[in-house]
$ cat target01.cif   # mmCIF, C-alpha atoms
data_input
loop_
_atom_site.label_atom_id
_atom_site.label_comp_id
_atom_site.auth_asym_id
_atom_site.auth_seq_id
_atom_site.Cartn_x
_atom_site.Cartn_y
_atom_site.Cartn_z
CA MET A 153 161.94 192.24 65.77
CA THR A 154 159.02 190.89 67.77
CA CYS A 155 158.32 187.34 68.87
CA PHE A 156 155.66 187.04 66.17
CA THR A 157 157.97 188.25 63.38
CA LEU A 158 160.67 185.89 64.49
CA GLN A 159 158.22 183.04 64.61
CA SER A 160 157.11 183.74 61.03
CA ARG A 161 160.73 183.69 59.86
CA THR A 162 161.83 180.71 61.92
CA SER A 163 162.24 178.45 58.93
CA ASP A 164 164.51 180.86 57.07
CA TYR A 165 166.44 181.67 60.22
CA LEU A 166 167.11 178.03 60.93
CA GLU A 167 168.08 177.46 57.30
CA GLY A 168 170.44 180.45 57.45
CA THR A 169 168.80 182.09 54.46
CA LEU A 170 167.80 185.34 56.17
CA SER A 171 169.49 188.52 54.99
CA GLU A 172 172.29 189.89 57.18
CA SER A 173 170.19 192.68 58.66
CA LEU A 174 167.25 190.40 59.50
CA LYS A 175 169.58 187.79 60.90
CA ARG A 176 171.11 190.38 63.21
CA GLU A 177 167.67 191.52 64.37
CA ALA A 178 166.66 187.95 65.04
CA GLU A 179 169.79 187.29 67.06
CA ASP A 180 169.24 190.49 69.05
CA HIS A 181 165.70 189.37 69.84
CA LEU A 182 166.83 185.90 70.84
CA GLY A 183 169.37 187.49 73.17
CA ASN A 184 166.65 189.51 74.88
CA CYS A 185 163.70 187.08 74.83
CA LYS A 186 164.23 184.01 76.99
CA GLU A 187 161.12 182.30 75.69
CA CYS A 188 162.10 182.60 72.02
CA HIS A 189 165.64 181.64 72.90
CA ALA A 190 164.51 178.42 74.59
CA ARG A 191 162.14 177.63 71.77
CA HIS A 192 164.82 178.03 69.11
CA ARG A 193 167.15 175.86 71.10
CA HIS A 194 164.45 173.21 71.08
CA TYR A 195 163.94 173.64 67.35
CA ARG A 196 167.60 172.98 66.76
CA LEU A 197 167.45 169.86 68.91
CA ILE A 198 164.48 168.64 66.91
CA LEU A 199 166.21 169.26 63.60
CA ALA A 200 169.32 167.51 64.88
CA ALA A 201 167.20 164.54 65.95
CA ILE A 202 165.64 164.33 62.50
CA ALA A 203 168.95 164.67 60.71
CA ASN A 204 170.57 162.02 62.91
CA GLN A 205 167.88 159.42 62.41
CA PRO A 206 169.46 156.18 61.20
CA LYS A 207 169.00 155.54 57.49
CA SER A 208 167.68 152.18 56.38
CA THR A 209 169.16 150.51 53.35
CA LEU A 210 167.32 148.59 50.70
CA PRO A 211 166.96 144.87 51.57
CA ALA A 212 169.09 142.58 49.41
CA LEU A 213 166.00 140.80 48.10
CA LEU A 214 164.59 144.01 46.66
CA LYS A 215 167.97 145.18 45.41
CA LYS A 216 168.54 141.92 43.57
CA SER A 217 165.19 141.82 41.82
CA PRO A 218 163.19 144.94 42.52
CA LEU A 219 159.95 143.95 40.83
CA THR A 220 159.83 140.18 40.43
CA ASN A 221 160.36 138.21 43.64
CA PRO A 222 157.37 137.74 45.89
CA LEU A 223 157.51 139.90 48.97
CA PRO A 224 157.39 138.33 52.41
CA ARG A 225 154.10 138.97 54.13
CA GLY A 226 155.51 139.54 57.56
CA PRO A 227 158.54 139.00 59.72
CA THR A 228 157.18 135.75 61.18
CA SER A 229 156.21 134.11 57.90
CA GLN A 230 159.40 135.03 56.10
CA PRO A 231 161.74 132.22 57.23
CA THR A 232 159.10 129.49 56.87
CA LEU A 233 158.14 130.54 53.36
CA ILE A 234 161.71 130.81 52.20
CA GLN A 235 162.63 127.46 53.72
CA TRP A 236 159.63 125.79 52.12
CA GLU A 237 160.41 127.27 48.73
CA SER A 238 163.99 126.10 48.95
CA ILE A 239 162.82 122.45 48.89
CA PRO A 240 162.90 120.96 45.35
CA TRP A 241 159.51 121.15 43.70
CA LEU A 242 159.24 117.37 43.21
CA LEU A 243 159.70 116.69 46.90
CA ARG A 244 157.44 119.59 47.80
CA THR A 245 154.65 118.25 45.59
CA LEU A 246 155.12 114.76 47.00
CA ILE A 247 154.88 116.01 50.56
CA GLU A 248 151.81 118.06 49.76
CA GLY A 249 150.13 115.10 48.01
CA VAL A 250 150.84 112.70 50.86
CA GLY A 251 149.55 115.28 53.30
CA ILE A 252 146.28 115.64 51.41
CA VAL A 253 145.80 111.85 51.18
CA VAL A 254 146.51 111.40 54.89
CA PHE A 255 144.07 114.17 55.68
CA ILE A 256 141.32 112.56 53.59
CA LEU A 257 141.95 109.10 55.07
CA PHE A 258 141.91 110.46 58.56
CA GLY A 259 138.66 112.27 57.86
CA THR A 260 137.05 109.17 56.36
CA TYR A 261 138.17 107.02 59.27
CA SER A 262 137.31 109.35 62.09
CA ALA A 263 134.11 110.99 60.87
CA PRO A 264 131.76 108.03 61.66
CA LYS A 265 133.35 107.57 65.06
CA ILE A 266 132.99 111.22 65.85
CA ARG A 267 129.40 111.12 64.69
CA ALA A 268 128.62 108.04 66.79
CA LEU A 269 130.18 109.65 69.81
CA TYR A 270 128.19 112.80 69.21
CA GLU A 271 124.93 110.88 68.85
CA LYS A 272 125.67 108.87 71.97
CA ASN A 273 126.22 112.05 73.91
CA ILE A 274 123.00 113.52 72.58
CA ASP A 275 121.06 110.37 73.57
CA LYS A 276 122.59 110.38 77.00
CA SER A 277 121.83 114.01 77.60
CA LEU A 278 118.27 113.56 76.36
CA THR A 279 117.74 110.59 78.63
CA ASP A 280 119.20 112.44 81.58
CA PHE A 281 117.07 115.46 80.82
CA HIS A 282 113.92 113.40 80.50
CA GLU A 283 114.56 111.48 83.67
CA SER A 284 115.50 114.53 85.67
CA THR A 285 112.67 116.75 84.50
CA HIS A 286 109.89 114.22 84.30
CA LEU A 287 110.06 111.06 86.28
CA ASN A 288 112.26 112.31 89.07
CA GLU A 289 110.05 115.34 89.44
CA ILE A 290 107.04 113.14 90.04
CA LEU A 291 108.67 110.58 92.22
CA PRO A 292 111.85 111.99 93.62
CA ASP A 293 112.44 109.15 96.03
CA THR A 294 114.22 106.05 94.95
CA VAL A 295 112.16 103.15 93.82
CA ASP A 296 111.29 100.64 96.48
CA PRO A 297 113.85 97.89 96.28
CA VAL A 298 111.18 95.34 97.24
CA LEU A 299 109.52 95.39 93.83
CA PRO A 300 106.81 92.79 93.35
CA PRO A 301 107.73 90.29 90.66
CA LEU A 302 106.49 90.72 87.14
CA GLN A 303 104.21 87.86 86.13
CA GLU A 304 104.37 86.17 82.80
CA ASN A 305 101.50 86.34 80.35
CA PRO A 306 98.69 84.21 81.74
CA VAL A 307 96.09 82.52 79.63
CA ASN A 308 93.20 84.74 78.55
CA LEU A 309 94.88 87.93 79.64
CA SER A 310 96.59 89.80 76.92
CA GLY A 311 96.06 93.39 77.67
CA SER A 312 92.45 93.12 76.73
CA GLN A 313 89.44 93.11 78.94
CA ALA A 314 89.10 89.96 80.98
CA GLY A 315 85.64 90.14 82.33
CA ASP A 316 84.92 93.76 81.65
CA ASP A 317 82.59 95.33 79.23
CA ILE A 318 83.57 98.45 77.53
CA SER A 319 80.30 98.68 75.67
CA GLY A 320 78.94 100.39 78.75
CA GLU A 321 75.53 100.93 80.16
CA ASP A 322 73.37 99.43 77.42
CA ASP A 323 74.42 95.94 78.31
CA SER A 324 71.59 94.95 80.60
CA GLU A 325 70.89 91.40 79.46
CA ASP A 326 73.76 89.56 81.17
CA ASP A 327 73.28 86.71 83.51
CA ASP A 328 72.02 87.32 86.95
CA ASP A 329 75.36 86.89 88.74
CA VAL A 330 76.65 90.01 87.22
CA HIS A 331 75.70 93.14 89.09
CA VAL A 332 75.78 95.63 86.33
CA GLY A 333 76.23 99.17 87.54
CA ARG A 334 77.43 98.28 91.00
CA SER A 335 81.12 98.24 90.29
CA GLN A 336 83.31 100.24 87.97
CA LEU A 337 86.22 99.47 85.70
CA TRP A 338 88.82 102.16 85.38
CA ARG A 339 91.17 101.67 82.53
CA PHE A 340 94.31 103.75 82.23
CA THR A 341 96.62 103.51 79.23
CA LEU A 342 100.11 104.92 79.35
CA LYS A 343 102.03 104.86 76.12
CA THR A 344 105.74 104.56 76.70
CA VAL A 345 108.71 103.28 74.75
CA SER A 346 110.02 101.47 77.81
CA PRO A 347 107.30 99.88 79.95
CA ASP A 348 109.92 98.05 81.99
CA GLU A 349 111.41 101.34 83.12
CA LEU A 350 108.04 102.76 83.99
CA ARG A 351 106.81 99.70 85.90
CA PRO A 352 108.67 100.44 89.17
CA GLN A 353 107.33 103.97 89.13
CA VAL A 354 103.78 102.68 88.74
CA VAL A 355 104.26 100.22 91.58
CA LYS A 356 105.56 103.00 93.75
CA ALA A 357 102.64 105.21 92.84
CA LEU A 358 100.23 102.43 93.73
CA THR A 359 101.84 101.76 97.06
CA GLU A 360 101.82 105.46 97.85
CA ALA A 361 98.14 105.51 97.01
CA GLY A 362 97.62 102.94 99.77
CA VAL A 363 97.76 99.66 97.87
CA PRO A 364 99.44 96.98 100.01
CA LEU A 365 102.57 95.40 98.57
CA SER A 366 101.11 91.95 99.16
CA LEU A 367 98.20 92.54 96.79
CA PRO A 368 98.22 89.92 94.00
CA GLY A 369 99.06 91.36 90.58
CA LEU A 370 100.75 94.49 91.97
CA GLY A 371 103.96 93.59 90.11
CA GLY A 372 102.17 93.71 86.77
CA ILE A 373 101.80 91.13 84.06
CA GLN A 374 103.99 90.89 81.02
CA VAL A 375 101.76 90.68 77.96
CA PRO A 376 102.49 91.18 74.28
CA GLY A 377 102.89 94.88 73.60
CA GLY A 378 103.46 95.98 77.16
CA ILE A 379 102.76 95.42 80.86
CA GLU A 380 99.35 95.30 82.45
CA PHE A 381 98.24 95.78 86.04
CA ASP A 382 94.82 94.33 86.81
CA LEU A 383 93.85 95.22 90.35
CA VAL A 384 90.83 95.52 92.55
CA LEU A 385 91.20 98.59 94.69
CA PRO A 386 89.10 100.73 96.98
CA GLN A 387 87.22 103.37 95.02
CA SER A 388 88.69 106.14 97.17
CA SER A 389 92.18 105.39 95.95
CA VAL A 390 91.32 105.66 92.26
CA PRO A 391 91.54 109.49 91.99
CA ASN A 392 94.99 109.44 93.56
CA ILE A 393 96.19 106.75 91.18
CA LYS A 394 94.79 108.65 88.24
CA HIS A 395 96.59 111.77 89.42
CA PHE A 396 99.90 109.93 89.75
CA LEU A 397 99.62 108.27 86.38
CA GLN A 398 98.70 111.50 84.67
CA LYS A 399 101.84 113.12 86.04
CA MET A 400 103.94 110.12 85.14
CA ALA A 401 102.87 110.09 81.50
CA PRO A 402 105.49 111.13 78.98
CA PRO A 403 104.87 114.56 77.45
CA PRO A 404 102.42 114.53 74.54
CA PHE A 405 103.66 114.58 70.98
CA SER A 406 100.91 116.86 69.79
CA ASP A 407 98.48 119.38 71.18
CA LYS A 408 95.88 116.90 72.35
CA VAL A 409 96.60 117.63 75.96
CA ASN A 410 93.27 119.21 76.54
CA SER A 411 91.25 116.38 75.13
CA PRO A 412 88.68 115.04 77.58
CA SER A 413 90.37 111.71 78.07
CA GLY A 414 93.86 113.12 78.68
CA SER A 415 96.99 113.60 76.66
CA GLU A 416 98.10 111.54 73.70
CA ASN A 417 100.29 109.36 75.88
CA PHE A 418 97.83 109.04 78.74
CA THR A 419 94.25 108.02 78.15
CA TRP A 420 91.66 106.73 80.53
CA TYR A 421 88.05 105.76 80.60
CA ARG A 422 85.54 104.35 83.06
CA VAL A 423 82.87 101.74 82.35
CA LYS A 424 80.70 99.45 84.33
CA SER A 425 82.33 96.16 85.14
CA LYS A 426 80.74 92.74 84.80
CA ARG A 427 82.92 91.26 87.51
CA LYS A 428 81.61 90.68 90.94
CA LEU A 429 83.38 93.09 93.16
CA PRO A 430 82.98 93.85 96.84
CA GLU A 431 81.14 96.99 97.73
CA GLY A 432 83.26 100.15 97.59
CA THR A 433 85.89 98.67 95.29
CA SER A 434 86.71 99.19 91.61
CA GLN A 435 88.61 97.27 89.08
CA VAL A 436 91.67 99.24 87.92
CA VAL A 437 93.50 98.20 84.80
CA ILE A 438 96.73 100.05 84.07
CA TRP A 439 98.15 99.32 80.68
CA LEU A 440 101.70 100.33 79.90
CA SER A 441 101.75 99.96 76.17
CA GLN A 442 104.50 100.44 73.67
CA PRO A 443 103.45 102.66 70.78
CA ASN A 444 103.23 100.95 67.39
CA MET B 43 162.65 145.56 27.39
CA GLY B 44 166.36 145.92 27.92
CA SER B 45 166.19 149.68 28.08
CA THR B 46 163.33 149.60 30.59
CA LYS B 47 165.26 147.18 32.76
CA ASP B 48 168.32 149.41 32.58
CA SER B 49 166.22 152.40 33.53
CA VAL B 50 164.74 150.57 36.51
CA ASP B 51 168.21 149.49 37.59
CA HIS B 52 169.35 153.09 37.31
CA PHE B 53 166.46 154.30 39.45
CA VAL B 54 167.04 151.56 42.01
CA ARG B 55 170.74 152.47 42.22
CA SER B 56 170.05 156.18 42.46
CA TYR B 57 166.97 156.37 44.65
CA GLY B 58 166.40 152.85 46.02
CA ASP B 59 167.87 153.44 49.45
CA LEU B 60 166.39 156.91 49.81
CA LEU B 61 162.91 155.78 48.89
CA PHE B 62 163.07 152.70 51.06
CA ASP B 63 164.18 154.73 54.06
CA LEU B 64 161.41 157.23 53.36
CA CYS B 65 158.85 154.41 53.16
CA GLU B 66 160.04 152.84 56.37
CA SER B 67 160.17 156.17 58.20
CA ILE B 68 156.64 157.07 57.22
CA LEU B 69 154.95 153.68 57.36
CA TRP B 70 156.93 152.53 60.39
CA ASN B 71 156.80 148.90 59.33
CA PRO B 72 159.41 147.05 57.22
CA SER B 73 156.88 144.79 55.50
CA SER B 74 154.61 147.65 54.51
CA ALA B 75 157.67 149.63 53.45
CA GLN B 76 158.73 146.85 51.07
CA VAL B 77 155.27 146.66 49.55
CA ALA B 78 155.11 150.43 49.16
CA TRP B 79 158.62 150.58 47.73
CA ARG B 80 157.77 147.98 45.11
CA SER B 81 154.56 149.78 44.25
CA ILE B 82 156.52 153.01 43.76
CA PHE B 83 159.02 151.30 41.49
CA LYS B 84 156.32 149.65 39.44
CA LYS B 85 154.90 153.08 38.78
CA ILE B 86 158.36 154.39 37.98
CA ARG B 87 158.94 151.51 35.54
CA ASN B 88 155.64 152.20 33.79
CA GLY B 89 156.26 155.94 33.63
CA CYS B 90 159.94 156.13 32.78
CA ARG B 91 159.35 155.04 29.17
CA PHE B 92 157.48 158.26 28.46
CA GLN B 93 159.73 160.65 30.33
CA ARG B 94 162.54 162.75 28.87
CA PHE B 95 164.46 163.55 32.01
CA SER B 96 166.79 166.44 32.40
CA SER B 97 167.15 168.04 35.78
CA TYR B 98 163.84 167.10 37.34
CA GLU B 99 164.25 163.34 37.47
CA ARG B 100 164.44 163.24 41.27
CA SER B 101 161.43 165.54 41.56
CA TRP B 102 159.45 163.17 39.38
CA VAL B 103 160.51 160.16 41.46
CA LEU B 104 159.73 161.96 44.70
CA ARG B 105 156.33 162.99 43.39
CA ILE B 106 155.46 159.39 42.67
CA ALA B 107 156.84 158.28 46.03
CA CYS B 108 154.90 160.92 47.95
CA ASP B 109 151.64 160.05 46.18
CA LYS B 110 152.07 156.37 46.88
CA LEU B 111 153.15 156.89 50.46
CA LEU B 112 150.20 159.11 51.26
CA SER B 113 147.93 156.56 49.67
CA PHE B 114 149.47 153.69 51.68
CA TYR B 115 149.33 155.75 54.85
CA ALA B 116 145.64 156.43 54.29
CA GLN B 117 144.99 152.73 53.68
CA GLY B 118 146.07 151.99 57.20
CA SER B 119 149.63 152.10 58.20
CA GLN B 120 150.58 151.50 61.80
CA LYS B 121 148.96 154.18 63.88
CA PHE B 122 148.95 154.86 67.56
CA SER B 123 146.67 152.84 69.73
CA ALA B 124 144.78 154.64 72.46
CA ALA B 125 147.13 153.12 75.04
CA ASP B 126 150.21 154.40 73.20
CA GLN B 127 148.65 157.82 72.90
CA ILE B 128 147.89 157.97 76.61
CA LYS B 129 151.39 156.77 77.42
CA LEU B 130 152.91 159.50 75.26
CA ASP B 131 150.67 162.18 76.71
CA SER B 132 151.34 161.14 80.28
CA THR B 133 155.13 161.24 80.00
CA GLU B 134 156.22 164.14 82.20
CA ASN B 135 159.97 164.26 81.81
CA PRO B 136 161.19 166.05 78.60
CA ASN B 137 164.30 163.84 78.57
CA THR B 138 162.12 160.76 78.38
CA ARG B 139 160.05 162.40 75.68
CA ILE B 140 163.07 163.21 73.53
CA LYS B 141 164.13 159.57 73.82
CA ASN B 142 160.80 158.68 72.25
CA PHE B 143 161.26 161.29 69.57
CA ASN B 144 160.10 158.98 66.78
CA SER B 145 156.79 158.37 68.49
CA TYR B 146 156.10 162.08 68.70
CA PHE B 147 157.34 162.55 65.15
CA HIS B 148 154.76 160.05 63.92
CA LYS B 149 152.00 162.04 65.52
CA LEU B 150 152.50 164.60 62.75
CA ARG B 151 150.43 164.47 59.58
CA PRO B 152 152.18 162.36 56.89
CA GLU B 153 152.70 165.39 54.65
CA LEU B 154 154.58 167.16 57.44
CA GLN B 155 156.62 164.05 58.18
CA ILE B 156 157.62 163.79 54.52
CA LEU B 157 158.46 167.49 54.42
CA LEU B 158 160.72 167.34 57.48
CA LEU B 159 162.40 164.15 56.33
CA LEU B 160 163.06 165.38 52.81
CA ARG B 161 164.28 168.77 53.95
CA ASP B 162 166.15 168.02 57.16
CA LYS B 163 167.21 164.40 56.85
CA TYR B 164 168.06 164.27 53.15
CA GLY B 165 168.68 167.98 52.53
CA ILE B 166 166.54 168.13 49.41
CA PRO B 167 165.86 171.69 48.28
CA TYR B 168 162.44 173.27 48.70
CA SER B 169 161.97 173.50 44.93
CA GLU B 170 162.01 169.71 44.57
CA ILE B 171 159.92 169.15 47.69
CA SER B 172 157.47 171.68 46.33
CA SER B 173 157.16 169.66 43.17
CA ALA B 174 156.90 166.39 45.07
CA LEU B 175 154.21 167.52 47.48
CA ALA B 176 152.49 169.80 44.94
CA ALA B 177 152.63 172.83 47.23
CA PRO B 178 154.31 176.22 46.86
CA GLU B 179 157.59 176.80 48.63
CA SER B 180 156.23 179.52 50.88
CA SER B 181 153.52 177.17 52.03
CA LEU B 182 156.08 174.48 52.72
CA LYS B 183 158.11 176.84 54.89
CA ILE B 184 155.06 177.70 56.95
CA GLN B 185 154.18 174.02 57.25
CA ARG B 186 157.69 173.27 58.44
CA GLN B 187 157.40 175.96 61.10
CA GLN B 188 154.08 174.54 62.20
CA ALA B 189 155.54 171.06 62.40
CA LEU B 190 158.48 172.27 64.48
CA ARG B 191 156.18 174.21 66.75
CA ALA B 192 153.93 171.19 67.25
CA LEU B 193 156.88 168.95 68.06
CA GLU B 194 158.33 171.52 70.41
CA GLU B 195 155.05 171.76 72.29
CA TRP B 196 154.67 168.00 72.55
CA LEU B 197 158.23 167.52 73.72
CA TRP B 198 158.92 170.42 76.04
CA ASN B 199 155.84 172.34 77.02
CA ASP B 200 154.35 171.38 80.37
CA ARG B 201 150.90 169.96 80.12
#

$ encode --input "target01.cif" --output "structure tokens"
Amino acid sequence: MTCFTLQSRTSDYLEGTLSESLKREAEDHLGNCKECHARHRHYRLILAAIANQPKSTLPALLKKSPLTNPLPRGPTSQPTLIQWESIPWLLRTLIEGVGIVVFILFGTYSAPKIRALYEKNIDKSLTDFHESTHLNEILPDTVDPVLPPLQENPVNLSGSQAGDDISGEDDSEDDDDVHVGRSQLWRFTLKTVSPDELRPQVVKALTEAGVPLSLPGLGGIQVPGGIEFDLVLPQSSVPNIKHFLQKMAPPPFSDKVNSPSGSENFTWYRVKSKRKLPEGTSQVVIWLSQPN
Amino acid sequence: MGSTKDSVDHFVRSYGDLLFDLCESILWNPSSAQVAWRSIFKKIRNGCRFQRFSSYERSWVLRIACDKLLSFYAQGSQKFSAADQIKLDSTENPNTRIKNFNSYFHKLRPELQILLLLRDKYGIPYSEISSALAAPESSLKIQRQQALRALEEWLWNDR
């Protein structure tokens, strides 16, 4: 018998169902062939391992009612489920009902608070973002602690034009004291929801543009609808002020950024002033207005 | 109803333990084994009303059990993870490997596992296994040899 023949009759040999002559041939071959001998020894070990595997018995739950009781879903959920089901149904229902009511009450009580907290956080983060990306970018230094005082609303000055003429160049029939065309009025309007917050920034921008702190009206004037600065400044400082204010303006709400007079929240225009102004100076009116 | 219940009780008494052990050995998970066992017995309950058993009752039960087990196995019984497979393959010492015999045994195809268990653990004759697995006896003998050869290679041959 060859290795191949023995291999093909392994099953019968191991079962002991080979005929006497074949069995003798197989044993002769196993005596001569070390490889087949080792392999068959291994086969017997494997069969012994299979035969000696421990046998599981049917769980009592299945034996008691093979097809009716619900099966546990897993070893971890088994004790909990059984313990829960062992509670009388009346008590179980009561506990479940109370649990649901408590859950609903808790939800009703806590939902507005959670929402308020969430909105507060959103507001705070928006404010921080706006301050950090906008105002602080323009004027990173701290605001001058020596802020000129804000004046109260004086008579005849309510954010409108005191002594200026926005009708422009056609007005040539004024009285002789007025030197039409010699001086200019620059009017800048910044729309902001909080003029008070923007006021220190404007003051700082003005002082950086060379305006002395002692200049009357530098602190601004509180008028209905906002804060106004009415200043007489050297003409050379006006471009710098315009540049600062343009940067300071809140971002536009629409795509009017490229309009000739500036963005939606920053508008400016220039007209001839009727006021008597020294040579080389311009009247600058900065109007921090709250949007309607 | 009474007769069906009696029949089910008879089947549970006669084959309950055997089938449960078979389920647990193949599926390798007690929870899955319970589900599979119940599924087998539901099928037995539905089928026993139309059977006139004589000598092939166990073959019929085993046929149902094998079908269900193969189906459950295909649905996703516990299989080796890649890490387990690497761990098994990297074990050098044959003595350590034989200690993990069950792990190597479960690397076999489920049909071969059932064949070895039915034949060598429970001593069921080839004729009944042939009926249960729907394969001729000669084929089963060859499959058994192949299974033994595969196990022998996994356990003893140097890799």

$ resolve_selection --input "target01.cif" --expression "the PyMOL selection byres ((chain B) within 9 of (chain A))" --output "compact mmCIF listing (two decimals) with C-alpha atoms, in the frame of the given file"
# COMPACT_ATOMS: atom_id res chain seq x y z
CA VAL B 50 164.74 150.57 36.51
CA ASP B 51 168.21 149.49 37.59
CA VAL B 54 167.04 151.56 42.01
CA ARG B 55 170.74 152.47 42.22
CA GLY B 58 166.40 152.85 46.02
CA ASP B 59 167.87 153.44 49.45
CA LEU B 60 166.39 156.91 49.81
CA LEU B 61 162.91 155.78 48.89
CA PHE B 62 163.07 152.70 51.06
CA ASP B 63 164.18 154.73 54.06
CA LEU B 64 161.41 157.23 53.36
CA GLU B 66 160.04 152.84 56.37
CA SER B 67 160.17 156.17 58.20
CA PRO B 72 159.41 147.05 57.22
CA SER B 73 156.88 144.79 55.50
CA SER B 74 154.61 147.65 54.51
CA GLN B 76 158.73 146.85 51.07
CA VAL B 77 155.27 146.66 49.55
CA TRP B 79 158.62 150.58 47.73
CA ARG B 80 157.77 147.98 45.11
CA SER B 81 154.56 149.78 44.25
CA PHE B 83 159.02 151.30 41.49
CA LYS B 84 156.32 149.65 39.44
CA ILE B 140 163.07 163.21 73.53
CA PHE B 143 161.26 161.29 69.57
CA ASN B 144 160.10 158.98 66.78
CA PHE B 147 157.34 162.55 65.15
CA LEU B 158 160.72 167.34 57.48
CA LEU B 159 162.40 164.15 56.33
CA ASP B 162 166.15 168.02 57.16
CA LYS B 163 167.21 164.40 56.85
CA TYR B 164 168.06 164.27 53.15
CA GLY B 165 168.68 167.98 52.53
CA LYS B 183 158.11 176.84 54.89
CA ILE B 184 155.06 177.70 56.95
CA ARG B 186 157.69 173.27 58.44
CA GLN B 187 157.40 175.96 61.10
CA LEU B 190 158.48 172.27 64.48
CA ARG B 191 156.18 174.21 66.75
CA LEU B 193 156.88 168.95 68.06
CA GLU B 194 158.33 171.52 70.41
CA LEU B 197 158.23 167.52 73.72
CA TRP B 198 158.92 170.42 76.04

$ residues_around --input "target01.cif" --residues "range 433-441 of chain A" --least-positions-apart "4" --cutoff "8 Å" --atoms "all atoms listed in the file" --output "MDAnalysis selection string"
chainID A and resid 311 335:345 347 350:351 377:387 390 425 429

$ atom_distance --input "target01.cif" --atom1 "CA of Gln374 in chain A" --atom2 "CA of Gln303 in chain A"
5.9 Å

$ residues_around --input "target01.cif" --residues "Gln127 in chain B" --least-positions-apart "6" --cutoff "12 Å" --atoms "all atoms listed in the file" --output "list in words"
Lys121, Thr133, Ser145, Tyr146, His148, Lys149 and Trp196 of chain B

$ residues_around --input "target01.cif" --residues "range 172-179 of chain B" --least-positions-apart "3" --cutoff "10 Å" --atoms "only C-alpha atoms" --output "ChimeraX atom specification"
/B:98,100-109,153-154,156-157,160,167-169,182-185

$ closest_residue --input "target01.cif" --among "B:Ser49, B:Asn88, B:Gln188, B:Asn71" --to "Leu150 in chain B" --atoms "only C-alpha atoms"
B:Gln188

$ decode --input "target01.cif" --residues "range 100-113 of chain B" --atoms "N, CA and C atoms" --output "CSV table (one decimal), in the first residue's frame"
chain,number,residue,atom,x,y,z
B,100,ARG,N,-34.9,10.3,13.4
B,100,ARG,CA,-33.7,11.1,13.7
B,100,ARG,C,-33.1,11.7,12.5
B,101,SER,N,-33.1,11.0,11.4
B,101,SER,CA,-32.6,11.6,10.1
B,101,SER,C,-33.4,12.8,9.8
B,102,TRP,N,-34.7,12.7,9.9
B,102,TRP,CA,-35.6,13.9,9.6
B,102,TRP,C,-35.2,15.1,10.5
B,103,VAL,N,-35.1,14.8,11.8
B,103,VAL,CA,-34.8,15.9,12.7
B,103,VAL,C,-33.4,16.5,12.4
B,104,LEU,N,-32.5,15.6,12.1
B,104,LEU,CA,-31.1,16.1,11.8
B,104,LEU,C,-31.1,16.9,10.5
B,105,ARG,N,-31.9,16.5,9.6
B,105,ARG,CA,-32.0,17.2,8.3
B,105,ARG,C,-32.5,18.6,8.5
B,106,ILE,N,-33.5,18.7,9.3
B,106,ILE,CA,-34.0,20.1,9.7
B,106,ILE,C,-33.0,20.9,10.4
B,107,ALA,N,-32.3,20.2,11.4
B,107,ALA,CA,-31.3,20.9,12.2
B,107,ALA,C,-30.2,21.4,11.3
B,108,CYS,N,-29.7,20.6,10.4
B,108,CYS,CA,-28.6,21.0,9.6
B,108,CYS,C,-29.0,22.2,8.7
B,109,ASP,N,-30.2,22.1,8.1
B,109,ASP,CA,-30.6,23.2,7.2
B,109,ASP,C,-30.6,24.5,8.0
B,110,LYS,N,-31.2,24.4,9.2
B,110,LYS,CA,-31.4,25.7,10.0
B,110,LYS,C,-30.0,26.2,10.4
B,111,LEU,N,-29.2,25.2,10.8
B,111,LEU,CA,-27.8,25.7,11.3
B,111,LEU,C,-27.0,26.3,10.2
B,112,LEU,N,-27.1,25.7,9.0
B,112,LEU,CA,-26.3,26.3,7.9
B,112,LEU,C,-26.8,27.7,7.6
B,113,SER,N,-28.2,27.8,7.7
B,113,SER,CA,-28.8,29.1,7.4
B,113,SER,C,-28.4,30.1,8.4
